[in-house]
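Asker: My questions all concern the structure below.
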Amino acid sequence: MKKRYLKIMSVMLCAAMCSSLAACGSGDSSEGSSDSSTESSSSSDSGKKKGLEIAYNLTTEDFSVFEGIINDFTEETGIDVTIYNGGDDYESAMKTRMSSGDLPDMWVTHGWSVIRYSEYMMDLSDQPWVENIDAGLKDVISNDDGELFILPITQAVVGIMYNKDVLESAGVDATQIHTWDDFDAACKAIKDKGEASPIEMCLADGFDSYMLEGVWPTLYSNEDLSDNKGEALKDGTFDWQKDGADAFEKPTEWYENGYLNEDYVSGSKDDVCKALANGEGAFAIYSTEMIPSILAYNADANIGILPLPSKEKDGASYFGTGEGNFSCFGIWKDTKYEDECKQLLEYLAQPEIAVQIVKIDGGIPGLTNIELDESDQAAYTTNAFKEAQLQFDGDLIYDNFFDREYLPSGMWSVMADATSTLLADGDPKGANEEALSMVADNYNDLMGN
């Protein structure tokens with residue numbers, strides 16, 4: 001994957017998403033739940049599988065919107081499409097289908113188009129809509145040969161969501177948060193003010209993984225680090241017991257300093273979103289996909305986005321970027337319906353169709369010709385991201401999501417389990433060794449060490 005350290009932002013990554021299909025997009029959906037996998041057909045003969053098959057992974061009520069889009073495509077073109085919705089089992093189902101060679105004609109890649117799925121997918125770099133892909137995102141979703149395998153209707157961004165009013169009340173200037181020391185000072189000021197929890201999180205719904213997803217790149221993989229360990233992480237030589245000894249220092253410090261919300265063990269994503277919406281919480285490390293959920297609780301909430309701070313005084317801030325979880329579609333290289341699949345992608349890439357998927361996904365548009373009405377929540381998120389890019393212009397690193405780029409198979413659930421092990425019992429120092437061993441053992445097993 002290519003990384004860019006931009007001293008001057010000549011192209012805004014803002015072509016323009018909380019939820020997470022593995023947050024970051026490596027596996028589990030937190031935007032909703034489904035009792036079972038479902039199949040639906042765009043033809044009037046619902047229930048009878050025919051034509052091309054597309055695998056989709058959204059389990060909320062917005063799935064009906066996607067069904068409507070596919071139905072309209074069938075009515076317009078006469079091409080039958082069967083939708084397979086894997087729900088919460090989507091990732092495991094796709095792994096099974098990869099191993100059996102029985103793949104759908106098209107599927108949603110939930111962040112893994114290059115690293116996991118590219119050998120099974122068709123190169124789409126010659127398609128007409130490629131010229132509209134946001135320049136910053138295009139680097140992340142292309143391989144070293146310039147091939148890309150998806151239509152990226154949205155992009156996801158890992159950062160820190162914050163309530164502007166809470167920070168202002170505590171005398172904190174978000175634009176001056178460049179290091180973790182700066183962030184800790186802001187947390188102290190908010191705690192001293194006594195009106196909100198400095199950091200909102202929960203041991204569920206991806207928050208336990210996102211905390212590490214945000215912190216670890218700033219410790220190990222950002223390209224400006226004097227002790228960068230990115231290549232060691234990828235080739236399996238990274239020693240978690242030695243080089244990863246600081247893996248849980250930040251969460252431990254935040255717990256000991258009383259910066260976490262009191263209900264972080266029993267709470268849920270909804271509780272976190274409510275807290276930020278109502279000014280009861282200041283910061284949350286997550287994907288920008290959580291902003292629509294915050295605004296659903298309080299349409300007048302004043303929410304901003306921060307990049308992740310550097311551990312070094314002169315280091316750059318960081319945004320993790322990548323393909324959106326419910327909005328990036330690729331084609332199986334062995335499909336019998338190549339022309340029909342490409343026709344469906346062209347249909348989905350039309351601005352008036354793509355904007356509907358942006359609203360479903362909650363992400364930031366990945367195509368520059370998508371226009372959002374200012375009343376759309378997606379426009380709110382996009383504008384907040386643009387604002388952050390301007391505020392930190394010349395001080396930003398963009399890289400792929402850490403778990404996708406630097407951990408074997410993502411290890412998303414391992415990250416969640418390790419965070420829960422660290423924090424669930426209220427003794428993070430005592431649980432540090434167990435949490436670190438959990439990460440190290442899984443990493444080494446997956447790397448074949």
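The chains in the structure tokens are called A, B, ... from first to last as shown; in each chain the residues are counted from 1, and the ligands are counted from 1 in the order shown.
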Near Leu148 in chain A, counting only C-alpha atoms, which residues have an atom at most 9 Å away, once you skip same-chain residues fewer than 2 positions from it, shown as number ranges by chain?

Answerer: A: 113-114, 118, 122-125, 138, 141-143, 145-146, 150-151

Asker: For Asp445 in chain A, find every residue with an atom within 12 Å (counting only C-alpha atoms), except residues of its own chain fewer than 5 positions away, and show them as a list in words.

Answerer: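 The filter keeps Gly236, Leu407, Pro408, Ser409, Met411, Ser437, Met438, Val439 and Ala440 of chain A.
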
Asker: Got time to write the residues from that selection, C-alpha atoms, as a PDB file, in the first residue's frame?

Answerer:
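Result file follows (again.pdb):
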```
ATOM      1  CA  GLY A 236       6.215 -11.139  10.930  1.00  0.00           C
ATOM      2  CA  LEU A 407      -1.999  -7.197  11.143  1.00  0.00           C
ATOM      3  CA  PRO A 408      -2.543 -10.656   9.626  1.00  0.00           C
ATOM      4  CA  SER A 409      -6.221 -11.159   8.771  1.00  0.00           C
ATOM      5  CA  MET A 411      -7.051  -9.411  14.063  1.00  0.00           C
ATOM      6  CA  SER A 437       0.251 -12.024  25.294  1.00  0.00           C
ATOM      7  CA  MET A 438      -3.156 -12.410  23.662  1.00  0.00           C
ATOM      8  CA  VAL A 439      -2.087 -10.102  20.833  1.00  0.00           C
ATOM      9  CA  ALA A 440       1.392 -11.598  20.534  1.00  0.00           C
TER      10      ALA A 440
END
```

Asker: Nearest to Asp72 in chain A: which of A:Lys359, A:Ile331, A:Leu344, A:Ser268 is it, counting only C-alpha atoms?

Answerer: A:Leu344

Asker: Give me the residues within 10 Å of Val355 in chain A as a PyMOL selection string, counting only C-alpha atoms and dropping any in the same chain fewer than 6 places off.

Answerer: chain A and resi 153-154+348-349+361+365+367+369-373+378

Asker: Once DSSP has gone over the backbone, tell me which residues of range 48-243 of chain A are in helix (DSSP H, G or I), as a ChimeraX atom specification.

Answerer: /A:63-77,87-100,118-120,128-132,135-141,164-169,174-176,180-193,207-221,230-235,240-243

Asker: I'd like the contact shell of Phe326 in chain A - 7 Å cut-off, only C-alpha atoms, skipping same-chain residues fewer than 2 positions apart - returned as a ChimeraX atom specification.

Answerer: /A:57-58,108,110,324,328,361

Asker: May I have the residues within 12 Å of Asp192 in chain A as number ranges by chain, using only C-alpha atoms and disregarding those fewer than 2 positions away in the same chain?

Answerer: A: 167, 169-172, 185-190, 194-198, 257-259

Asker: Residues of range 160-200 of chain A that have any atom at most 12 Å from an atom of range 382-400 of chain A: could you tabulate them with the shortest-distance atom pair and the distance in Å to one decimal, using only C-alpha atoms, ordered by chain and increasing number, as CSV?

Answerer:
```
residue,atom,partner,partner_atom,distance
A:Ile160,CA,A:Ala388,CA,10.6
A:Met161,CA,A:Ala384,CA,9.7
A:Tyr162,CA,A:Ala384,CA,10.7
A:Asn163,CA,A:Ala384,CA,11.7
A:Lys164,CA,A:Ala384,CA,11.2
A:Asp173,CA,A:Gln391,CA,11.3
A:Ala174,CA,A:Gln391,CA,9.3
A:Thr175,CA,A:Gln391,CA,6.3
A:Gln176,CA,A:Phe392,CA,9.3
A:Ile177,CA,A:Phe392,CA,9.7
A:His178,CA,A:Asp395,CA,8.6
A:Thr179,CA,A:Asp395,CA,11.3
```

Asker: Identify, with DSSP run on backbone atoms, the residues in range 228-295 of chain A assigned to strand (DSSP E), and express the list as a VMD selection string.

Answerer: chain A and resid 281 to 287

Asker: Counting only C-alpha atoms, figure out which residue out of A:Asn442, A:Ser310, A:Thr381, A:Ser413 gets nearest to Tyr220 in chain A.

Answerer: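 The answer is A:Ser310, which sits nearest to Tyr220 in chain A.
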
Asker: When distances are computed from only C-alpha atoms, which of A:Ala93, A:Gly363, A:Tyr318, A:Thr74 shows the smallest separation from Glu223 in chain A?

Answerer: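 Of the candidates, the smallest distance to Glu223 in chain A is held by A:Tyr318.
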
Asker: Which polymer residues have any atom within 12 Å of an atom of Gly214 in chain A, counting only C-alpha atoms, with same-chain residues fewer than 3 positions away left out, as a VMD selection string?

Answerer: chain A and resid 23 to 24 157 to 161 180 206 to 211 217 to 222 247 to 248 250 to 251 284 to 287 306 to 310 317 to 321 399 to 403 415

Asker: Take the residues from that selection and put them in a file with N, CA and C atoms, as a compact mmCIF listing (two decimals), in the first residue's frame.

Answerer:
```txt
# COMPACT_ATOMS: atom_id res chain seq x y z
N ALA A 23 -14.50 -2.68 11.87
CA ALA A 23 -14.08 -1.36 11.97
C ALA A 23 -13.43 -0.92 10.82
N CYS A 24 -13.54 -1.03 11.33
CA CYS A 24 -12.61 -0.62 10.44
C CYS A 24 -12.74 -1.47 9.36
N VAL A 157 -12.98 6.89 7.53
CA VAL A 157 -11.85 7.59 8.13
C VAL A 157 -11.82 7.31 9.63
N VAL A 158 -10.68 6.87 10.12
CA VAL A 158 -10.48 6.68 11.56
C VAL A 158 -9.90 7.97 12.14
N GLY A 159 -10.51 8.43 13.19
CA GLY A 159 -10.03 9.64 13.85
C GLY A 159 -10.64 9.76 15.23
N ILE A 160 -10.68 10.98 15.75
CA ILE A 160 -11.28 11.25 17.04
C ILE A 160 -12.46 12.19 16.84
N MET A 161 -13.66 11.71 17.14
CA MET A 161 -14.85 12.57 17.10
C MET A 161 -14.91 13.34 18.42
N TRP A 180 0.08 13.23 21.77
CA TRP A 180 -0.72 12.59 22.80
C TRP A 180 -0.62 13.34 24.12
N GLY A 206 -17.31 -2.47 18.53
CA GLY A 206 -16.14 -1.99 17.80
C GLY A 206 -15.33 -0.95 18.53
N PHE A 207 -15.87 -0.34 19.59
CA PHE A 207 -15.12 0.69 20.29
C PHE A 207 -13.85 0.15 20.92
N ASP A 208 -13.91 -1.10 21.42
CA ASP A 208 -12.74 -1.68 22.05
C ASP A 208 -11.63 -1.91 21.03
N SER A 209 -12.00 -2.21 19.79
CA SER A 209 -10.99 -2.35 18.73
C SER A 209 -10.52 -1.00 18.21
N TYR A 210 -11.45 -0.07 18.07
CA TYR A 210 -11.09 1.23 17.50
C TYR A 210 -10.11 2.00 18.38
N MET A 211 -10.14 1.78 19.68
CA MET A 211 -9.18 2.47 20.52
C MET A 211 -7.76 2.11 20.10
N PRO A 217 -1.15 2.92 15.23
CA PRO A 217 -0.38 3.52 14.14
C PRO A 217 0.54 4.64 14.59
N THR A 218 0.09 5.39 15.60
CA THR A 218 0.90 6.50 16.08
C THR A 218 2.11 6.03 16.88
N LEU A 219 2.07 4.78 17.32
CA LEU A 219 3.21 4.20 18.05
C LEU A 219 4.16 3.43 17.15
N TYR A 220 3.62 2.78 16.10
CA TYR A 220 4.42 1.79 15.37
C TYR A 220 4.58 2.00 13.87
N SER A 221 3.54 2.47 13.18
CA SER A 221 3.58 2.38 11.71
C SER A 221 3.60 3.69 10.96
N ASN A 222 3.30 4.82 11.58
CA ASN A 222 3.32 6.08 10.83
C ASN A 222 4.71 6.35 10.28
N ALA A 247 2.05 -0.93 24.04
CA ALA A 247 0.79 -1.09 23.32
C ALA A 247 -0.42 -0.60 24.11
N PHE A 248 -0.42 -0.82 25.41
CA PHE A 248 -1.59 -0.50 26.22
C PHE A 248 -1.33 0.62 27.23
N LYS A 250 -1.43 3.93 26.82
CA LYS A 250 -2.42 5.03 26.76
C LYS A 250 -3.75 4.64 27.39
N PRO A 251 -4.36 3.52 26.98
CA PRO A 251 -5.62 3.16 27.65
C PRO A 251 -5.46 3.01 29.17
N ALA A 284 -14.25 10.59 21.30
CA ALA A 284 -14.45 9.17 21.05
C ALA A 284 -13.58 8.78 19.86
N ILE A 285 -12.74 7.76 20.05
CA ILE A 285 -11.90 7.26 18.96
C ILE A 285 -12.71 6.23 18.18
N TYR A 286 -12.97 6.54 16.92
CA TYR A 286 -13.82 5.65 16.12
C TYR A 286 -13.70 6.05 14.66
N SER A 287 -14.54 5.48 13.85
CA SER A 287 -14.66 5.90 12.45
C SER A 287 -15.64 7.07 12.35
N LEU A 306 -10.97 15.10 14.79
CA LEU A 306 -9.54 15.31 14.98
C LEU A 306 -8.75 14.16 14.38
N PRO A 307 -7.60 14.42 13.78
CA PRO A 307 -6.70 13.32 13.44
C PRO A 307 -6.07 12.77 14.71
N LEU A 308 -5.55 11.57 14.63
CA LEU A 308 -4.88 10.97 15.79
C LEU A 308 -3.54 11.68 16.01
N PRO A 309 -3.23 12.07 17.24
CA PRO A 309 -2.00 12.82 17.51
C PRO A 309 -0.75 11.94 17.39
N SER A 310 0.39 12.60 17.30
CA SER A 310 1.67 11.89 17.23
C SER A 310 2.20 11.64 18.64
N SER A 317 0.23 14.40 12.51
CA SER A 317 -1.02 13.76 12.91
C SER A 317 -1.44 12.76 11.84
N TYR A 318 -2.41 11.91 12.17
CA TYR A 318 -2.71 10.76 11.31
C TYR A 318 -4.20 10.55 11.12
N PHE A 319 -4.60 10.29 9.89
CA PHE A 319 -5.93 9.79 9.58
C PHE A 319 -5.79 8.42 8.93
N GLY A 320 -6.50 7.42 9.46
CA GLY A 320 -6.60 6.15 8.77
C GLY A 320 -7.72 6.24 7.76
N THR A 321 -7.45 5.89 6.52
CA THR A 321 -8.46 5.99 5.47
C THR A 321 -8.58 4.68 4.72
N ASP A 399 -2.83 6.86 5.89
CA ASP A 399 -2.44 5.48 5.64
C ASP A 399 -3.69 4.62 5.71
N ASN A 400 -3.59 3.41 5.22
CA ASN A 400 -4.68 2.46 5.31
C ASN A 400 -4.99 2.17 6.78
N PHE A 401 -6.17 1.62 7.04
CA PHE A 401 -6.50 1.22 8.41
C PHE A 401 -5.39 0.30 8.93
N PHE A 402 -4.99 0.51 10.16
CA PHE A 402 -3.87 -0.23 10.74
C PHE A 402 -4.10 -1.74 10.70
N ASP A 403 -5.28 -2.18 11.11
CA ASP A 403 -5.52 -3.63 11.17
C ASP A 403 -5.49 -4.25 9.79
N MET A 415 -8.11 -7.60 18.78
CA MET A 415 -7.95 -6.26 19.34
C MET A 415 -9.06 -5.98 20.36
```

Asker: So which one's closest to Asp139 in chain A, A:Glu213, A:Gly111, A:Tyr117, A:Gly322? Using only C-alpha atoms, please.

Answerer: A:Gly322
